[in-house]
>>> print(open('run_0.cif').read())   # mmCIF, C-alpha atoms
data_input
#
loop_
_atom_site.label_atom_id
_atom_site.label_comp_id
_atom_site.auth_asym_id
_atom_site.auth_seq_id
_atom_site.Cartn_x
_atom_site.Cartn_y
_atom_site.Cartn_z
CA MET A 1 -2.01 -31.87 -41.86
CA SER A 2 1.62 -32.64 -42.71
CA GLU A 3 1.85 -29.28 -44.44
CA GLY A 4 0.63 -27.65 -41.26
CA LYS A 5 3.28 -29.50 -39.30
CA LYS A 6 5.96 -28.45 -41.77
CA LYS A 7 4.92 -24.83 -41.37
CA ARG A 8 5.28 -25.15 -37.62
CA SER A 9 8.77 -26.58 -37.80
CA ASP A 10 9.72 -23.84 -40.27
CA SER A 11 8.67 -21.26 -37.76
CA GLN A 12 10.87 -22.56 -34.95
CA PRO A 13 13.61 -19.95 -35.45
CA GLY A 14 10.87 -17.32 -35.42
CA LYS A 15 9.60 -18.77 -32.18
CA ALA A 16 13.03 -18.39 -30.62
CA GLU A 17 13.14 -14.78 -31.75
CA SER A 18 9.69 -14.26 -30.32
CA ASN A 19 10.82 -15.63 -26.96
CA VAL A 20 13.73 -13.21 -26.95
CA ARG A 21 11.34 -10.39 -27.80
CA LYS A 22 8.99 -11.53 -25.04
CA ARG A 23 11.79 -11.43 -22.50
CA ARG A 24 12.75 -7.96 -23.64
CA LEU A 25 9.30 -6.42 -23.87
CA GLY A 26 7.47 -8.18 -21.03
CA PRO A 27 3.97 -9.61 -21.19
CA PRO A 28 1.89 -9.30 -24.37
CA PRO A 29 -0.48 -6.33 -24.71
CA ASP A 30 -3.63 -8.25 -23.83
CA GLU A 31 -2.14 -9.42 -20.53
CA LEU A 32 -1.17 -5.85 -19.76
CA TRP A 33 -4.69 -4.76 -20.61
CA LEU A 34 -6.13 -7.34 -18.20
CA GLU A 35 -3.74 -6.34 -15.41
CA LYS A 36 -4.53 -2.69 -15.95
CA ASN A 37 -8.28 -3.28 -15.86
CA ILE A 38 -8.13 -5.48 -12.77
CA LYS A 39 -6.14 -2.82 -10.98
CA SER A 40 -8.46 -0.05 -12.17
CA MET A 41 -11.51 -1.95 -10.99
CA TYR A 42 -9.92 -2.53 -7.59
CA ARG A 43 -8.75 1.07 -7.30
CA GLU A 44 -12.25 2.37 -8.06
CA VAL A 45 -13.54 0.81 -4.86
CA ILE A 46 -10.48 1.77 -2.83
CA GLU A 47 -11.02 5.40 -3.76
CA GLU A 48 -14.67 5.41 -2.70
CA PRO A 49 -15.44 7.08 0.62
CA ILE A 50 -15.85 4.60 3.47
CA PRO A 51 -19.53 4.26 4.42
CA ASP A 52 -20.47 5.70 7.82
CA GLU A 53 -21.89 2.35 8.96
CA LEU A 54 -18.47 0.75 8.75
CA LEU A 55 -16.80 3.63 10.56
CA LYS A 56 -19.45 3.42 13.29
CA ILE A 57 -18.64 -0.25 13.81
CA LEU A 58 -15.01 0.72 14.31
CA ASP A 59 -15.98 3.39 16.81
CA GLN A 60 -17.42 0.61 18.94
CA VAL A 61 -14.13 -1.29 19.06
CA PRO A 62 -13.29 -0.45 22.69
CA LYS A 63 -16.77 -1.55 23.79
CA LEU A 64 -16.66 -4.80 21.83
CA ASP A 65 -13.08 -5.60 22.67
CA GLY A 66 -13.32 -4.48 26.26
CA MET B 1 -3.37 -6.56 20.84
CA ALA B 2 -4.74 -3.37 22.37
CA SER B 3 -8.05 -2.06 21.05
CA PRO B 4 -6.77 1.19 19.52
CA ALA B 5 -4.19 -0.83 17.60
CA VAL B 6 -6.88 -3.13 16.20
CA LYS B 7 -8.92 -0.13 15.17
CA ASP B 8 -5.96 1.55 13.46
CA GLU B 9 -4.95 -1.61 11.66
CA ILE B 10 -8.49 -2.23 10.42
CA LEU B 11 -8.86 1.39 9.33
CA ALA B 12 -5.60 1.17 7.40
CA CYS B 13 -6.72 -1.80 5.34
CA LEU B 14 -10.44 -0.98 5.15
CA PRO B 15 -10.40 0.37 1.57
CA GLN B 16 -8.63 -2.76 0.28
CA LEU B 17 -10.92 -4.94 2.36
CA ARG B 18 -13.96 -3.32 0.73
CA ALA B 19 -12.47 -3.78 -2.73
CA PHE B 20 -11.75 -7.43 -2.04
CA ALA B 21 -15.25 -7.96 -0.66
CA ARG B 22 -16.75 -6.25 -3.72
CA SER B 23 -14.89 -8.59 -6.04
CA LEU B 24 -16.31 -11.57 -4.17
CA ALA B 25 -19.87 -10.41 -3.49
CA ARG B 26 -20.17 -8.38 -6.73
CA ASP B 27 -22.65 -6.07 -5.07
CA ARG B 28 -21.90 -2.92 -3.10
CA ASP B 29 -24.32 -3.44 -0.21
CA GLN B 30 -23.63 -7.14 0.21
CA ALA B 31 -19.91 -6.46 0.08
CA ASP B 32 -20.15 -3.86 2.83
CA ASP B 33 -22.26 -6.26 4.93
CA LEU B 34 -19.49 -8.79 4.45
CA VAL B 35 -16.85 -6.26 5.52
CA GLN B 36 -18.94 -5.41 8.57
CA ASP B 37 -19.16 -9.09 9.53
CA ALA B 38 -15.41 -9.46 9.02
CA ILE B 39 -14.69 -6.47 11.26
CA VAL B 40 -16.87 -7.84 14.04
CA ARG B 41 -15.23 -11.25 13.68
CA ALA B 42 -11.74 -9.72 13.72
CA ILE B 43 -12.46 -7.69 16.82
CA SER B 44 -13.92 -10.64 18.66
CA SER B 45 -10.95 -12.82 17.79
CA ALA B 46 -8.25 -10.17 17.95
CA CYS B 47 -6.39 -12.25 20.52
CA GLN B 48 -5.75 -14.84 17.78
CA TYR B 49 -3.83 -12.34 15.68
CA ASN B 50 -0.10 -12.85 15.91
CA PRO B 51 1.51 -9.37 16.24
CA GLY B 52 4.23 -8.76 13.70
CA THR B 53 2.53 -10.84 11.02
CA ASN B 54 0.64 -9.36 8.08
CA PHE B 55 -2.55 -7.87 9.53
CA LYS B 56 -4.09 -7.16 6.14
CA ALA B 57 -3.61 -10.77 5.09
CA TRP B 58 -5.22 -11.86 8.37
CA MET B 59 -8.23 -9.63 7.70
CA PHE B 60 -8.49 -10.86 4.11
CA THR B 61 -8.48 -14.45 5.38
CA ILE B 62 -11.30 -13.72 7.81
CA LEU B 63 -13.33 -12.01 5.12
CA ARG B 64 -12.89 -14.68 2.46
CA ASN B 65 -13.65 -17.47 4.96
CA LEU B 66 -16.83 -15.68 5.95
CA TYR B 67 -17.76 -15.33 2.31
CA PHE B 68 -17.06 -18.92 1.28
CA ASN B 69 -18.30 -20.58 4.48
CA SER B 70 -21.46 -18.75 5.29
CA PHE B 71 -22.11 -15.46 3.57
CA ARG B 72 -22.34 -16.84 0.05
CA ARG B 73 -25.01 -19.36 1.07
CA LYS B 74 -27.27 -16.54 2.17
CA TYR B 75 -27.22 -15.04 -1.31
CA LEU B 76 -26.70 -18.12 -3.42
CA MET B 77 -30.39 -18.63 -4.04
CA ARG B 78 -30.91 -15.08 -5.14
CA PRO B 79 -30.22 -14.58 -8.87
CA LEU B 80 -27.77 -11.77 -9.38
CA ASP B 81 -29.39 -8.64 -10.69
CA PRO B 82 -27.61 -7.45 -13.86
CA SER B 83 -27.35 -4.00 -12.32
CA ASP B 84 -25.31 -5.52 -9.49
CA LEU B 85 -22.65 -6.39 -11.98
CA GLU B 86 -22.03 -2.78 -12.85
CA THR B 87 -19.85 -0.69 -10.62
CA HIS B 88 -21.06 2.75 -9.79
CA SER B 89 -18.20 4.96 -10.80
CA ALA B 90 -17.05 5.99 -14.22
CA ALA B 91 -14.45 4.10 -16.20
CA PRO B 92 -10.92 5.47 -16.05
CA THR B 93 -10.37 7.95 -18.83
CA GLN B 94 -7.48 6.12 -20.44
CA LEU B 95 -9.64 3.08 -21.11
CA ALA B 96 -12.40 2.87 -23.65
CA GLY B 97 -15.58 2.94 -21.56
CA LEU B 98 -17.39 0.18 -23.40
CA ASP B 99 -14.43 -2.20 -23.29
CA TYR B 100 -13.97 -1.54 -19.61
CA ARG B 101 -17.62 -2.34 -18.92
CA ASP B 102 -17.23 -5.54 -20.96
CA PHE B 103 -14.23 -6.40 -18.85
CA LYS B 104 -16.09 -5.88 -15.58
CA ARG B 105 -19.02 -7.96 -16.75
CA ALA B 106 -16.71 -10.76 -17.86
CA PHE B 107 -14.80 -10.56 -14.58
CA ASN B 108 -18.01 -10.83 -12.55
CA GLU B 109 -19.00 -13.91 -14.51
CA LEU B 110 -15.88 -15.78 -13.39
CA PRO B 111 -16.21 -18.34 -10.58
CA ALA B 112 -15.59 -16.87 -7.12
CA ASP B 113 -12.27 -18.67 -6.58
CA GLN B 114 -10.92 -17.24 -9.82
CA ARG B 115 -12.09 -13.72 -9.01
CA GLU B 116 -10.45 -14.08 -5.64
CA ALA B 117 -7.17 -15.27 -7.14
CA LEU B 118 -7.06 -12.51 -9.75
CA VAL B 119 -7.75 -9.79 -7.22
CA LEU B 120 -5.30 -11.03 -4.60
CA VAL B 121 -2.44 -11.47 -7.05
CA GLY B 122 -3.29 -9.14 -9.91
CA ALA B 123 -4.83 -6.21 -8.09
CA ASP B 124 -3.60 -6.19 -4.53
CA GLY B 125 -0.14 -7.48 -5.35
CA PHE B 126 0.02 -10.35 -2.88
CA LYS B 127 2.70 -12.87 -3.73
CA TYR B 128 1.42 -16.26 -4.83
CA GLU B 129 2.53 -17.71 -1.49
CA GLU B 130 0.62 -15.05 0.46
CA ALA B 131 -2.47 -15.37 -1.71
CA ALA B 132 -2.39 -19.14 -1.29
CA ALA B 133 -2.13 -18.76 2.49
CA ILE B 134 -5.11 -16.38 2.52
CA SER B 135 -7.18 -18.77 0.41
CA GLY B 136 -6.02 -21.85 2.28
CA CYS B 137 -4.77 -23.63 -0.83
CA ALA B 138 -1.45 -24.76 -2.29
CA VAL B 139 0.73 -22.27 -4.15
CA GLY B 140 0.38 -24.34 -7.32
CA THR B 141 -3.40 -24.21 -7.01
CA MET B 142 -3.28 -20.43 -6.68
CA LYS B 143 -1.07 -20.16 -9.76
CA SER B 144 -3.38 -22.32 -11.80
CA ARG B 145 -6.44 -20.36 -10.63
CA VAL B 146 -4.85 -17.11 -11.75
CA SER B 147 -3.84 -18.59 -15.06
CA ARG B 148 -7.26 -20.17 -15.65
CA ALA B 149 -8.97 -16.92 -14.72
CA ARG B 150 -6.87 -14.99 -17.24
CA ARG B 151 -7.62 -17.50 -19.98
CA GLU B 152 -11.34 -17.45 -19.20
CA LEU B 153 -11.43 -13.67 -19.19
CA GLU B 154 -9.66 -13.54 -22.52
CA ALA B 155 -12.03 -16.14 -23.94
CA LYS B 156 -15.10 -14.29 -22.68
CA LEU B 157 -13.90 -11.00 -24.08
CA ASP B 158 -12.89 -12.57 -27.37
CA MET B 159 -16.31 -14.16 -27.61
CA ASP B 160 -17.95 -10.79 -27.08
CA ARG B 161 -16.08 -9.41 -30.03
CA ALA B 162 -15.92 -12.54 -32.17
CA GLY B 163 -18.66 -11.58 -34.62
CA PRO B 164 -17.48 -8.36 -36.25
CA ARG B 165 -13.79 -8.96 -35.55
CA GLU B 166 -13.62 -12.44 -37.02
CA ARG B 167 -15.41 -11.25 -40.10
CA ALA B 168 -13.05 -8.33 -40.49
CA ILE B 169 -10.00 -10.56 -40.23
CA GLU B 170 -11.38 -13.19 -42.55
CA GLY B 171 -12.44 -10.58 -45.08
CA GLY B 172 -9.12 -8.84 -45.50
CA SER B 173 -5.45 -9.40 -44.98
CA SER B 174 -4.41 -9.21 -41.38
CA ASP B 175 -0.97 -8.92 -39.93
CA GLU B 176 -2.33 -9.27 -36.42
CA GLY B 177 -1.24 -12.28 -34.42
CA PRO B 178 -3.79 -14.67 -32.96
CA ARG B 179 -3.83 -12.81 -29.64
CA ALA B 180 -3.75 -9.37 -31.13
CA GLY B 181 -7.49 -8.94 -31.53
CA GLY B 182 -10.07 -9.10 -28.79
CA VAL B 183 -8.56 -8.11 -25.51
CA GLY B 184 -5.33 -6.84 -26.93
CA ARG B 185 -6.99 -4.72 -29.56
CA THR B 186 -8.01 -2.18 -26.99
CA VAL B 187 -4.42 -1.44 -26.10
CA ARG B 188 -3.60 -0.30 -29.58
CA ARG B 189 -3.92 3.37 -30.38
CA GLN B 190 -5.89 4.22 -33.49
#
>>> encode(input="run_0.cif", output="structure tokens")
Amino acid sequence: MSEGKKKRSDSQPGKAESNVRKRRLGPPPDELWLEKNIKSMYREVIEEPIPDELLKILDQVPKLDG
Amino acid sequence: MASPAVKDEILACLPQLRAFARSLARDRDQADDLVQDAIVRAISSACQYNPGTNFKAWMFTILRNLYFNSFRRKYLMRPLDPSDLETHSAAPTQLAGLDYRDFKRAFNELPADQREALVLVGADGFKYEEAAAISGCAVGTMKSRVSRARRELEAKLDMDRAGPRERAIEGGSSDEGPRAGGVGRTVRRQ
């Protein structure tokens, strides 16, 4: 336990370096991977053709709003 | 607001509205039903829209309120079919297909408020303040939802891979950091 703690305190300078690296390189790879996948998933739907039913609803706008 | 303007504004944000609805409903047909309900609601309450403000955010608010207040109840009793959790188009070429499917499954297993937060902030690029306004919560709540959602996604994806990966790391020397496997592993080129 105390050995584990000692290891941690030894690695403090390394932690500081890592923070500098983080600032320079941006988010870690797994965060980038998540962001990329979330955006891809969203874009997939955006790029789908709009179903006719939804467009038909919009065609009725003047009637509904009027 | 004049009718043609409403129509144009809705048309302009319809693709994003469908994508947002899909992330909430997790099913193509239910999501489009939700969008349809949101359009009807928006048209009938167009006079409440304040011109000059963010129309897309207004539409997103209507849609998510419909989902959380009434729409979800309709489908809550129905167990989600596993096929609903798959999207219908192919994975982007730059991503490994299997990992991408894993990601989508894990995403769809998140609670609705976390899916909402991730999509608003991570996919559509709303600022935390805007996303919080859409969801009707505090900015801090939105931030913690996004952060919790990321952690849960990572945990789910790590769990999926835990078996073979853990064994591989334990069996040999590894210079990978604790976050390097699992989700991050996919980013690395072989």
>>> residues_around(input="run_0.cif", residues="Asn37 of chain A", least_positions_apart="2", cutoff="10 Å", atoms="only C-alpha atoms", output="VMD selection string")
(chain A and resid 31 to 35 39 to 43) or (chain B and resid 91 to 92 95 99 to 101 103 to 104 107 122 to 123)
>>> resolve_selection(input="run_0.cif", expression="the PyMOL selection byres ((chain B and resi 106) around 10)", output="number ranges by chain")
B: 85, 100-105, 107-110, 152-157, 160
>>> residues_around(input="run_0.cif", residues="Leu17 of chain B", least_positions_apart="3", cutoff="7 Å", atoms="only C-alpha atoms", output="short mmCIF file (atom, residue, chain, number, x, y, z; two decimals) with C-alpha atoms, in the coordinates of the input")
data_model
loop_
_atom_site.label_atom_id
_atom_site.label_comp_id
_atom_site.auth_asym_id
_atom_site.auth_seq_id
_atom_site.Cartn_x
_atom_site.Cartn_y
_atom_site.Cartn_z
CA CYS B 13 -6.72 -1.80 5.34
CA LEU B 14 -10.44 -0.98 5.15
CA PHE B 20 -11.75 -7.43 -2.04
CA ALA B 21 -15.25 -7.96 -0.66
CA VAL B 35 -16.85 -6.26 5.52
CA PHE B 60 -8.49 -10.86 4.11
#
>>> closest_residue(input="run_0.cif", among="B:Lys7, B:Arg26, B:Arg115, B:Arg148", to="chain A", atoms="only C-alpha atoms")
B:Lys7
>>> resolve_selection(input="run_0.cif", expression="the PyMOL selection byres ((chain A and resi 51) around 12)", output="compact mmCIF listing (two decimals) with C-alpha atoms, in the frame of the given file")
# COMPACT_ATOMS: atom_id res chain seq x y z
CA VAL A 45 -13.54 0.81 -4.86
CA ILE A 46 -10.48 1.77 -2.83
CA GLU A 47 -11.02 5.40 -3.76
CA GLU A 48 -14.67 5.41 -2.70
CA PRO A 49 -15.44 7.08 0.62
CA ILE A 50 -15.85 4.60 3.47
CA ASP A 52 -20.47 5.70 7.82
CA GLU A 53 -21.89 2.35 8.96
CA LEU A 54 -18.47 0.75 8.75
CA LEU A 55 -16.80 3.63 10.56
CA LYS A 56 -19.45 3.42 13.29
CA ILE A 57 -18.64 -0.25 13.81
CA LEU A 58 -15.01 0.72 14.31
CA LEU B 14 -10.44 -0.98 5.15
CA PRO B 15 -10.40 0.37 1.57
CA ARG B 18 -13.96 -3.32 0.73
CA ARG B 28 -21.90 -2.92 -3.10
CA ASP B 29 -24.32 -3.44 -0.21
CA ALA B 31 -19.91 -6.46 0.08
CA ASP B 32 -20.15 -3.86 2.83
CA ASP B 33 -22.26 -6.26 4.93
CA VAL B 35 -16.85 -6.26 5.52
CA GLN B 36 -18.94 -5.41 8.57
>>> atom_distance(input="run_0.cif", atom1="atom CA of Asp124 of chain B", atom2="atom CA of Pro51 of chain B")
21.6 Å
>>> closest_residue(input="run_0.cif", among="B:Gly52, B:Ser44, B:Arg64, B:Ile134", to="chain A", atoms="all atoms listed in the file")
B:Ser44
>>> closest_residue(input="run_0.cif", among="B:Thr53, B:Val40, B:Phe68, B:Lys143", to="Leu24 of chain B", atoms="only C-alpha atoms")
B:Phe68
>>> atom_distance(input="run_0.cif", atom1="atom CA of Arg73 of chain B", atom2="atom CA of Arg22 of chain B")
16.2 Å
>>> closest_residue(input="run_0.cif", among="B:Ala57, B:Leu63, B:Val121, B:Ala131", to="chain A", atoms="only C-alpha atoms")
B:Val121
>>> atom_distance(input="run_0.cif", atom1="atom CA of Glu116 of chain B", atom2="atom CA of Gln16 of chain B")
12.9 Å
>>> axis_aligned_box(input="run_0.cif", around="segment 61-69 of chain B", padding_each_side="8 Å", output="lines of an AutoDock Vina configuration file")
center_x = -13.4
center_y = -16.3
center_z = 4.5
size_x = 25.8
size_y = 24.6
size_z = 22.5
